Amino acid sequence: MQAEAFRKIHPLQYHLKFLNQGVRPDGRGLLRARRVVANTRVITAADGSAMVKLGQTMVLVGIQAQPICPLESDPGRGRIVVSLELAATSSHAAGTAGRSGGQGARLEREQAAVLEALQRQASSGCVDLDTLCIEKGRAVWNCLCDIYVLEADGNLLDACLLAMSCALQDVRLPAVEVREDEVKGTLIYVQQEAAVPLVQGVTQYAISFGLLDSHLILDPTGEEELLLSTSFTLLLDEDGNFCALHKAGGGPISQALIDQSLAAARKWLPKLTALLRQCAAVHKEAHIGAMPMLSGTASSPCASRDQGGSAKKKLKAKV
């Protein structure tokens, strides 16, 4: 039987023939990640944007900041709202559409779990939400973080979280002034030339693993994910400290397996932190052009800002 036919008919046995020799079908070692590339400022109309490619998985993130009325329960904090969408042409979306029953439902649950994890990270300290307050009780910034998966070939959470972190570093918020008008009510005046970056909190890095038969693998591909008995993601800060473990389902994992994964994750972590630092270095050097002062109401997205004349600088970093 030819190799490709054997791969399609008996995928588990095909992969095990490689794994038992300490290598994977794509040539990587079991605990070796794929090449990652990051580009920032890829959407000129957005307040912040980034694109990350992890192997064949490709994610685009655009962030738009809008002044809105704050919640009565939290009048002094802004918000980051995350949305996740898969391109209809991506492998993952095509696979979901082509499968019915349990398999399609499983893929949808996995996508929902990724979105939940991303929203939790966005709301739990990656950015100081108190600094998104324009004027307490009257106006705050609402950052709409739209994540668009162009191609899904496994390890979606890692790629999405890295792209979101790069895009948040790219965001520049203009200086604003809240005024009252007897006729128009509350007005917010935006001055782009005084734009400042977001105040970053603790950045966490997602590093995912899977258990294929009895073999622990790092950064599984889409083909490998279909064969995993369980998968999980470790969240580490830039110093390698363990922050959390995300597990959407599957079989149980032992403490010994977690310890082995943590050691492998700490070896891969410096590559990710170096990539994010390169993004930050370019952001500090970039100049955002001035623009006229605009106005609008604080109770709805206002002061729509045209950034077409802004000086945009693209970073391309490879690991």
# chains A, B, ... in the order shown; residues from 1 in each chain; ligands from 1

call {"tool": "residues_around", "arguments": {"residues": "Arg35 in chain A", "least_positions_apart": "2", "cutoff": "7 Å", "atoms": "only C-alpha atoms", "output": "list in words"}}
result
Ala33, Val37, Leu54, Gly55 and Val319 of chain A

call {"tool": "write_last_selection", "arguments": {"atoms": "N, CA, C and O atoms", "output": "PDB file, in the first residue's frame"}}
result
ATOM      1  N   ALA A  33       8.171  22.785  18.359  1.00  0.00           N
ATOM      2  CA  ALA A  33       7.072  23.552  17.770  1.00  0.00           C
ATOM      3  C   ALA A  33       7.389  23.908  16.320  1.00  0.00           C
ATOM      4  O   ALA A  33       8.533  23.815  15.868  1.00  0.00           O
ATOM      5  N   VAL A  37       5.753  33.186  12.691  1.00  0.00           N
ATOM      6  CA  VAL A  37       6.057  34.491  12.103  1.00  0.00           C
ATOM      7  C   VAL A  37       4.970  35.469  12.541  1.00  0.00           C
ATOM      8  O   VAL A  37       3.785  35.118  12.558  1.00  0.00           O
ATOM      9  N   LEU A  54       1.550  30.271  12.479  1.00  0.00           N
ATOM     10  CA  LEU A  54       2.179  29.203  13.236  1.00  0.00           C
ATOM     11  C   LEU A  54       2.058  27.932  12.411  1.00  0.00           C
ATOM     12  O   LEU A  54       0.984  27.340  12.330  1.00  0.00           O
ATOM     13  N   GLY A  55       3.151  27.546  11.776  1.00  0.00           N
ATOM     14  CA  GLY A  55       3.048  26.477  10.807  1.00  0.00           C
ATOM     15  C   GLY A  55       2.149  26.927   9.672  1.00  0.00           C
ATOM     16  O   GLY A  55       2.385  27.958   9.047  1.00  0.00           O
ATOM     17  N   VAL A 319      10.794  33.293  13.969  1.00  0.00           N
ATOM     18  CA  VAL A 319      11.418  32.439  14.968  1.00  0.00           C
ATOM     19  C   VAL A 319      11.552  31.042  14.381  1.00  0.00           C
ATOM     20  O   VAL A 319      10.589  30.534  13.856  1.00  0.00           O
TER      21      VAL A 319
END

call {"tool": "closest_atom_pairs", "arguments": {"of": "range 116-159 of chain A", "to": "range 212-225 of chain A", "cutoff": "12 Å", "atoms": "only C-alpha atoms", "output": "JSON lines"}}
result
{"residue": "A:Glu151", "atom": "CA", "partner": "A:Gly222", "partner_atom": "CA", "distance": 10.4}
{"residue": "A:Ala152", "atom": "CA", "partner": "A:Gly222", "partner_atom": "CA", "distance": 7.2}
{"residue": "A:Asp153", "atom": "CA", "partner": "A:Gly222", "partner_atom": "CA", "distance": 4.4}
{"residue": "A:Gly154", "atom": "CA", "partner": "A:Gly222", "partner_atom": "CA", "distance": 3.8}
{"residue": "A:Asn155", "atom": "CA", "partner": "A:Asp219", "partner_atom": "CA", "distance": 6.0}
{"residue": "A:Leu156", "atom": "CA", "partner": "A:Gly222", "partner_atom": "CA", "distance": 9.1}
{"residue": "A:Leu157", "atom": "CA", "partner": "A:Asp219", "partner_atom": "CA", "distance": 10.3}
{"residue": "A:Asp158", "atom": "CA", "partner": "A:Asp219", "partner_atom": "CA", "distance": 8.5}
{"residue": "A:Ala159", "atom": "CA", "partner": "A:Asp219", "partner_atom": "CA", "distance": 10.2}

call {"tool": "residues_around", "arguments": {"residues": "Ala38 in chain A", "least_positions_apart": "3", "cutoff": "12 Å", "atoms": "only C-alpha atoms", "output": "count of residues only"}}
result
39

call {"tool": "select_by_dssp", "arguments": {"residues": "range 54-140 of chain A", "states": "strand (DSSP E)", "output": "list of chain:residue names"}}
result
A:Leu54, A:Thr57, A:Met58, A:Val59, A:Leu60, A:Val61, A:Gly62, A:Ile63, A:Gln64, A:Ala65, A:Gln66, A:Pro67, A:Ile68, A:Arg79, A:Ile80, A:Val81, A:Val82, A:Ser83, A:Leu84, A:Glu85, A:Leu86, A:Cys133, A:Ile134, A:Glu135, A:Ala139, A:Val140

call {"tool": "atom_distance", "arguments": {"atom1": "CA of Leu262 in chain A", "atom2": "CA of Arg28 in chain A"}}
result
18.8 Å

call {"tool": "residues_around", "arguments": {"residues": "range 197-205 of chain A", "least_positions_apart": "4", "cutoff": "10 Å", "atoms": "only C-alpha atoms", "output": "JSON, numbers by chain"}}
result
{"A": [48, 121, 122, 124, 125, 126, 127, 128, 129, 130, 131, 132, 157, 158, 159, 161, 162, 165, 168, 169, 170, 171, 172, 173, 174, 233, 234, 235, 236, 237, 238, 239, 240, 241, 242, 243, 244, 265, 269, 272, 273, 276, 283, 284]}

call {"tool": "write_last_selection", "arguments": {"atoms": "N, CA and C atoms", "output": "CSV table (one decimal), in the first residue's frame"}}
result
chain,number,residue,atom,x,y,z
A,48,GLY,N,-5.3,48.9,16.1
A,48,GLY,CA,-4.2,47.9,16.3
A,48,GLY,C,-4.5,46.6,15.6
A,121,GLN,N,-8.6,35.7,29.0
A,121,GLN,CA,-7.3,36.3,29.0
A,121,GLN,C,-7.4,37.8,28.8
A,122,ALA,N,-8.3,38.3,27.9
A,122,ALA,CA,-8.5,39.7,27.6
A,122,ALA,C,-9.0,40.5,28.8
A,124,SER,N,-8.6,39.5,32.1
A,124,SER,CA,-8.0,39.1,33.4
A,124,SER,C,-6.7,39.7,33.6
A,125,GLY,N,-6.3,40.8,32.9
A,125,GLY,CA,-5.1,41.5,33.3
A,125,GLY,C,-4.1,41.6,32.2
A,126,CYS,N,-4.3,41.2,31.0
A,126,CYS,CA,-3.3,41.4,29.9
A,126,CYS,C,-3.2,42.9,29.6
A,127,VAL,N,-4.3,43.7,29.9
A,127,VAL,CA,-4.3,45.2,29.8
A,127,VAL,C,-4.9,45.7,31.0
A,128,ASP,N,-4.4,46.8,31.5
A,128,ASP,CA,-5.0,47.5,32.7
A,128,ASP,C,-6.3,48.2,32.3
A,129,LEU,N,-7.4,47.6,32.6
A,129,LEU,CA,-8.7,48.1,32.1
A,129,LEU,C,-9.0,49.4,32.8
A,130,ASP,N,-8.4,49.7,34.0
A,130,ASP,CA,-8.7,51.0,34.6
A,130,ASP,C,-8.2,52.1,33.8
A,131,THR,N,-7.1,51.9,33.0
A,131,THR,CA,-6.6,53.0,32.2
A,131,THR,C,-7.4,53.2,30.9
A,132,LEU,N,-8.4,52.4,30.7
A,132,LEU,CA,-9.3,52.6,29.5
A,132,LEU,C,-10.4,53.5,29.9
A,157,LEU,N,-5.5,28.0,19.7
A,157,LEU,CA,-5.4,28.9,20.8
A,157,LEU,C,-4.1,29.6,20.9
A,158,ASP,N,-3.0,28.9,20.7
A,158,ASP,CA,-1.7,29.5,20.8
A,158,ASP,C,-1.5,30.6,19.8
A,159,ALA,N,-1.9,30.4,18.6
A,159,ALA,CA,-1.8,31.4,17.5
A,159,ALA,C,-2.7,32.6,17.8
A,161,LEU,N,-3.9,33.7,20.7
A,161,LEU,CA,-3.5,34.5,21.9
A,161,LEU,C,-2.3,35.3,21.5
A,162,LEU,N,-1.3,34.7,20.8
A,162,LEU,CA,-0.1,35.5,20.4
A,162,LEU,C,-0.5,36.7,19.5
A,165,SER,N,-2.1,39.4,21.6
A,165,SER,CA,-1.1,40.1,22.4
A,165,SER,C,-0.4,41.1,21.5
A,168,LEU,N,-2.7,44.1,20.6
A,168,LEU,CA,-3.0,45.0,21.8
A,168,LEU,C,-1.8,45.9,22.0
A,169,GLN,N,-0.6,45.4,21.8
A,169,GLN,CA,0.6,46.2,21.9
A,169,GLN,C,0.6,47.3,20.8
A,170,ASP,N,-0.1,47.0,19.7
A,170,ASP,CA,-0.1,48.0,18.5
A,170,ASP,C,-1.1,49.1,18.7
A,171,VAL,N,-2.0,48.9,19.6
A,171,VAL,CA,-3.1,49.9,19.8
A,171,VAL,C,-2.6,51.2,20.4
A,172,ARG,N,-3.0,52.3,19.8
A,172,ARG,CA,-2.7,53.6,20.3
A,172,ARG,C,-4.1,54.4,20.5
A,173,LEU,N,-4.3,54.8,21.7
A,173,LEU,CA,-5.5,55.5,22.0
A,173,LEU,C,-5.3,57.0,22.0
A,174,PRO,N,-6.1,57.8,21.4
A,174,PRO,CA,-5.9,59.2,21.3
A,174,PRO,C,-6.3,59.9,22.6
A,233,THR,N,-3.5,23.1,27.3
A,233,THR,CA,-2.6,24.3,27.1
A,233,THR,C,-2.1,24.8,28.4
A,234,LEU,N,-0.8,25.0,28.5
A,234,LEU,CA,-0.2,25.7,29.6
A,234,LEU,C,-0.1,27.2,29.3
A,235,LEU,N,-0.4,28.0,30.3
A,235,LEU,CA,-0.3,29.4,30.2
A,235,LEU,C,0.9,29.9,31.1
A,236,LEU,N,1.9,30.5,30.6
A,236,LEU,CA,3.1,30.9,31.3
A,236,LEU,C,3.2,32.4,31.1
A,237,ASP,N,3.8,33.1,32.2
A,237,ASP,CA,4.2,34.5,32.0
A,237,ASP,C,5.6,34.5,31.3
A,238,GLU,N,6.1,35.7,31.1
A,238,GLU,CA,7.3,35.9,30.3
A,238,GLU,C,8.5,35.3,31.1
A,239,ASP,N,8.4,35.2,32.4
A,239,ASP,CA,9.5,34.6,33.2
A,239,ASP,C,9.4,33.1,33.3
A,240,GLY,N,8.4,32.5,32.7
A,240,GLY,CA,8.3,31.1,32.8
A,240,GLY,C,7.5,30.6,33.9
A,241,ASN,N,6.9,31.5,34.7
A,241,ASN,CA,6.0,31.1,35.8
A,241,ASN,C,4.7,30.5,35.4
A,242,PHE,N,4.3,29.4,36.0
A,242,PHE,CA,3.0,28.8,35.6
A,242,PHE,C,1.9,29.6,36.0
A,243,CYS,N,1.0,29.9,35.1
A,243,CYS,CA,-0.2,30.8,35.4
A,243,CYS,C,-1.5,30.0,35.5
A,244,ALA,N,-1.7,29.1,34.5
A,244,ALA,CA,-3.0,28.4,34.4
A,244,ALA,C,-2.8,27.2,33.5
A,265,ALA,N,7.7,23.4,27.6
A,265,ALA,CA,7.1,24.8,27.4
A,265,ALA,C,8.1,25.9,27.7
A,269,LEU,N,9.4,28.9,25.3
A,269,LEU,CA,8.9,30.2,25.7
A,269,LEU,C,9.8,31.4,25.3
A,272,LEU,N,8.9,32.9,21.9
A,272,LEU,CA,7.7,33.7,21.9
A,272,LEU,C,7.9,35.0,22.5
A,273,THR,N,8.6,35.1,23.7
A,273,THR,CA,8.8,36.4,24.3
A,273,THR,C,9.7,37.3,23.5
A,276,LEU,N,7.5,38.9,20.8
A,276,LEU,CA,6.7,39.9,21.3
A,276,LEU,C,7.5,41.2,21.6
A,283,HIS,N,6.9,49.3,17.8
A,283,HIS,CA,5.8,50.1,18.3
A,283,HIS,C,6.3,51.4,18.9
A,284,LYS,N,7.4,51.3,19.7
A,284,LYS,CA,8.0,52.5,20.3
A,284,LYS,C,8.6,53.5,19.3

call {"tool": "atom_distance", "arguments": {"atom1": "CA of Leu144 in chain A", "atom2": "CA of Ile43 in chain A"}}
result
14.1 Å

call {"tool": "select_by_dssp", "arguments": {"residues": "range 18-101 of chain A", "states": "alpha helix (DSSP H)", "output": "mmCIF file with N, CA, C and O atoms, in the first residue's frame"}}
result
data_model
loop_
_atom_site.group_PDB
_atom_site.id
_atom_site.type_symbol
_atom_site.label_atom_id
_atom_site.label_comp_id
_atom_site.auth_asym_id
_atom_site.auth_seq_id
_atom_site.Cartn_x
_atom_site.Cartn_y
_atom_site.Cartn_z
ATOM 1 N N PHE A 18 5.963 6.748 12.963
ATOM 2 C CA PHE A 18 6.934 7.829 13.114
ATOM 3 C C PHE A 18 7.221 8.095 14.591
ATOM 4 O O PHE A 18 8.383 8.221 15.003
ATOM 5 N N LEU A 19 6.152 8.213 15.382
ATOM 6 C CA LEU A 19 6.316 8.587 16.789
ATOM 7 C C LEU A 19 7.142 7.566 17.555
ATOM 8 O O LEU A 19 7.901 7.934 18.463
ATOM 9 N N SER A 91 -9.444 25.186 6.555
ATOM 10 C CA SER A 91 -9.613 23.739 6.652
ATOM 11 C C SER A 91 -10.587 23.372 7.757
ATOM 12 O O SER A 91 -11.410 22.472 7.624
ATOM 13 N N HIS A 92 -10.500 24.085 8.872
ATOM 14 C CA HIS A 92 -11.339 23.801 10.028
ATOM 15 C C HIS A 92 -12.809 24.049 9.694
ATOM 16 O O HIS A 92 -13.684 23.229 9.991
ATOM 17 N N ALA A 93 -13.107 25.201 9.062
ATOM 18 C CA ALA A 93 -14.492 25.523 8.713
ATOM 19 C C ALA A 93 -15.040 24.548 7.684
ATOM 20 O O ALA A 93 -16.184 24.091 7.769
ATOM 21 N N ALA A 94 -14.212 24.207 6.711
ATOM 22 C CA ALA A 94 -14.648 23.256 5.694
ATOM 23 C C ALA A 94 -14.908 21.887 6.304
ATOM 24 O O ALA A 94 -15.862 21.195 5.952
ATOM 25 N N GLY A 95 -14.054 21.521 7.283
ATOM 26 C CA GLY A 95 -14.249 20.239 7.949
ATOM 27 C C GLY A 95 -15.511 20.210 8.778
ATOM 28 O O GLY A 95 -16.221 19.209 8.831
ATOM 29 N N THR A 96 -15.823 21.332 9.425
ATOM 30 C CA THR A 96 -17.038 21.402 10.231
ATOM 31 C C THR A 96 -18.274 21.303 9.351
ATOM 32 O O THR A 96 -19.242 20.621 9.679
ATOM 33 N N ALA A 97 -18.245 22.015 8.201
ATOM 34 C CA ALA A 97 -19.396 21.994 7.295
ATOM 35 C C ALA A 97 -19.589 20.630 6.659
ATOM 36 O O ALA A 97 -20.703 20.206 6.377
ATOM 37 N N GLY A 98 -18.499 19.924 6.461
ATOM 38 C CA GLY A 98 -18.593 18.647 5.774
ATOM 39 C C GLY A 98 -18.897 17.466 6.676
ATOM 40 O O GLY A 98 -19.095 16.356 6.210
#

call {"tool": "closest_residue", "arguments": {"among": "A:Ala117, A:Glu110, A:Trp268, A:Val36", "to": "Gly249 in chain A", "atoms": "only C-alpha atoms"}}
result
A:Glu110

call {"tool": "closest_residue", "arguments": {"among": "A:Leu84, A:Leu118, A:Leu16, A:Leu31", "to": "Phe209 in chain A", "atoms": "only C-alpha atoms"}}
result
A:Leu31

call {"tool": "decode", "arguments": {"residues": "range 33-52 of chain A", "atoms": "N, CA, C and O atoms", "output": "PDB file, in the first residue's frame"}}
result
ATOM      1  N   ALA A  33       8.171  22.785  18.359  1.00  0.00           N
ATOM      2  CA  ALA A  33       7.072  23.552  17.770  1.00  0.00           C
ATOM      3  C   ALA A  33       7.389  23.908  16.320  1.00  0.00           C
ATOM      4  O   ALA A  33       8.533  23.815  15.868  1.00  0.00           O
ATOM      5  N   ARG A  34       6.366  24.328  15.606  1.00  0.00           N
ATOM      6  CA  ARG A  34       6.536  24.779  14.233  1.00  0.00           C
ATOM      7  C   ARG A  34       7.070  26.215  14.192  1.00  0.00           C
ATOM      8  O   ARG A  34       7.068  26.927  15.197  1.00  0.00           O
ATOM      9  N   ARG A  35       7.513  26.635  13.041  1.00  0.00           N
ATOM     10  CA  ARG A  35       8.018  27.998  12.840  1.00  0.00           C
ATOM     11  C   ARG A  35       6.881  28.997  13.003  1.00  0.00           C
ATOM     12  O   ARG A  35       5.774  28.786  12.525  1.00  0.00           O
ATOM     13  N   VAL A  36       7.162  30.103  13.684  1.00  0.00           N
ATOM     14  CA  VAL A  36       6.153  31.129  13.911  1.00  0.00           C
ATOM     15  C   VAL A  36       6.646  32.460  13.358  1.00  0.00           C
ATOM     16  O   VAL A  36       7.820  32.809  13.497  1.00  0.00           O
ATOM     17  N   VAL A  37       5.753  33.186  12.691  1.00  0.00           N
ATOM     18  CA  VAL A  37       6.057  34.491  12.103  1.00  0.00           C
ATOM     19  C   VAL A  37       4.970  35.469  12.541  1.00  0.00           C
ATOM     20  O   VAL A  37       3.785  35.118  12.558  1.00  0.00           O
ATOM     21  N   ALA A  38       5.363  36.686  12.888  1.00  0.00           N
ATOM     22  CA  ALA A  38       4.397  37.710  13.301  1.00  0.00           C
ATOM     23  C   ALA A  38       4.592  38.974  12.476  1.00  0.00           C
ATOM     24  O   ALA A  38       5.723  39.415  12.245  1.00  0.00           O
ATOM     25  N   ASN A  39       3.492  39.555  12.021  1.00  0.00           N
ATOM     26  CA  ASN A  39       3.482  40.848  11.349  1.00  0.00           C
ATOM     27  C   ASN A  39       2.506  41.761  12.080  1.00  0.00           C
ATOM     28  O   ASN A  39       1.415  41.321  12.435  1.00  0.00           O
ATOM     29  N   THR A  40       2.885  42.979  12.330  1.00  0.00           N
ATOM     30  CA  THR A  40       1.991  43.920  12.994  1.00  0.00           C
ATOM     31  C   THR A  40       1.654  45.081  12.063  1.00  0.00           C
ATOM     32  O   THR A  40       2.297  45.288  11.047  1.00  0.00           O
ATOM     33  N   ARG A  41       0.607  45.828  12.429  1.00  0.00           N
ATOM     34  CA  ARG A  41       0.123  46.968  11.650  1.00  0.00           C
ATOM     35  C   ARG A  41      -0.209  46.571  10.219  1.00  0.00           C
ATOM     36  O   ARG A  41       0.229  47.185   9.249  1.00  0.00           O
ATOM     37  N   VAL A  42      -0.986  45.524  10.117  1.00  0.00           N
ATOM     38  CA  VAL A  42      -1.345  44.999   8.800  1.00  0.00           C
ATOM     39  C   VAL A  42      -2.691  45.538   8.320  1.00  0.00           C
ATOM     40  O   VAL A  42      -3.045  45.361   7.158  1.00  0.00           O
ATOM     41  N   ILE A  43      -3.460  46.187   9.203  1.00  0.00           N
ATOM     42  CA  ILE A  43      -4.746  46.783   8.841  1.00  0.00           C
ATOM     43  C   ILE A  43      -4.679  48.263   9.191  1.00  0.00           C
ATOM     44  O   ILE A  43      -4.745  48.643  10.362  1.00  0.00           O
ATOM     45  N   THR A  44      -4.548  49.117   8.211  1.00  0.00           N
ATOM     46  CA  THR A  44      -4.360  50.545   8.473  1.00  0.00           C
ATOM     47  C   THR A  44      -5.606  51.201   9.049  1.00  0.00           C
ATOM     48  O   THR A  44      -5.508  52.223   9.733  1.00  0.00           O
ATOM     49  N   ALA A  45      -6.781  50.643   8.807  1.00  0.00           N
ATOM     50  CA  ALA A  45      -8.015  51.240   9.314  1.00  0.00           C
ATOM     51  C   ALA A  45      -8.288  50.877  10.767  1.00  0.00           C
ATOM     52  O   ALA A  45      -9.190  51.436  11.381  1.00  0.00           O
ATOM     53  N   ALA A  46      -7.525  49.951  11.330  1.00  0.00           N
ATOM     54  CA  ALA A  46      -7.730  49.525  12.709  1.00  0.00           C
ATOM     55  C   ALA A  46      -6.819  50.299  13.648  1.00  0.00           C
ATOM     56  O   ALA A  46      -5.782  50.838  13.241  1.00  0.00           O
ATOM     57  N   ASP A  47      -7.202  50.347  14.922  1.00  0.00           N
ATOM     58  CA  ASP A  47      -6.360  51.003  15.931  1.00  0.00           C
ATOM     59  C   ASP A  47      -5.171  50.131  16.317  1.00  0.00           C
ATOM     60  O   ASP A  47      -4.175  50.624  16.835  1.00  0.00           O
ATOM     61  N   GLY A  48      -5.284  48.854  16.085  1.00  0.00           N
ATOM     62  CA  GLY A  48      -4.197  47.920  16.330  1.00  0.00           C
ATOM     63  C   GLY A  48      -4.469  46.648  15.556  1.00  0.00           C
ATOM     64  O   GLY A  48      -5.615  46.228  15.429  1.00  0.00           O
ATOM     65  N   SER A  49      -3.430  46.030  15.021  1.00  0.00           N
ATOM     66  CA  SER A  49      -3.647  44.815  14.234  1.00  0.00           C
ATOM     67  C   SER A  49      -2.373  43.979  14.207  1.00  0.00           C
ATOM     68  O   SER A  49      -1.269  44.485  14.432  1.00  0.00           O
ATOM     69  N   ALA A  50      -2.568  42.704  13.936  1.00  0.00           N
ATOM     70  CA  ALA A  50      -1.428  41.787  13.832  1.00  0.00           C
ATOM     71  C   ALA A  50      -1.857  40.546  13.068  1.00  0.00           C
ATOM     72  O   ALA A  50      -3.043  40.204  13.011  1.00  0.00           O
ATOM     73  N   MET A  51      -0.871  39.897  12.476  1.00  0.00           N
ATOM     74  CA  MET A  51      -1.095  38.609  11.830  1.00  0.00           C
ATOM     75  C   MET A  51      -0.003  37.655  12.299  1.00  0.00           C
ATOM     76  O   MET A  51       1.167  38.014  12.337  1.00  0.00           O
ATOM     77  N   VAL A  52      -0.417  36.468  12.686  1.00  0.00           N
ATOM     78  CA  VAL A  52       0.521  35.445  13.152  1.00  0.00           C
ATOM     79  C   VAL A  52       0.324  34.190  12.325  1.00  0.00           C
ATOM     80  O   VAL A  52      -0.811  33.773  12.067  1.00  0.00           O
TER      81      VAL A  52
END
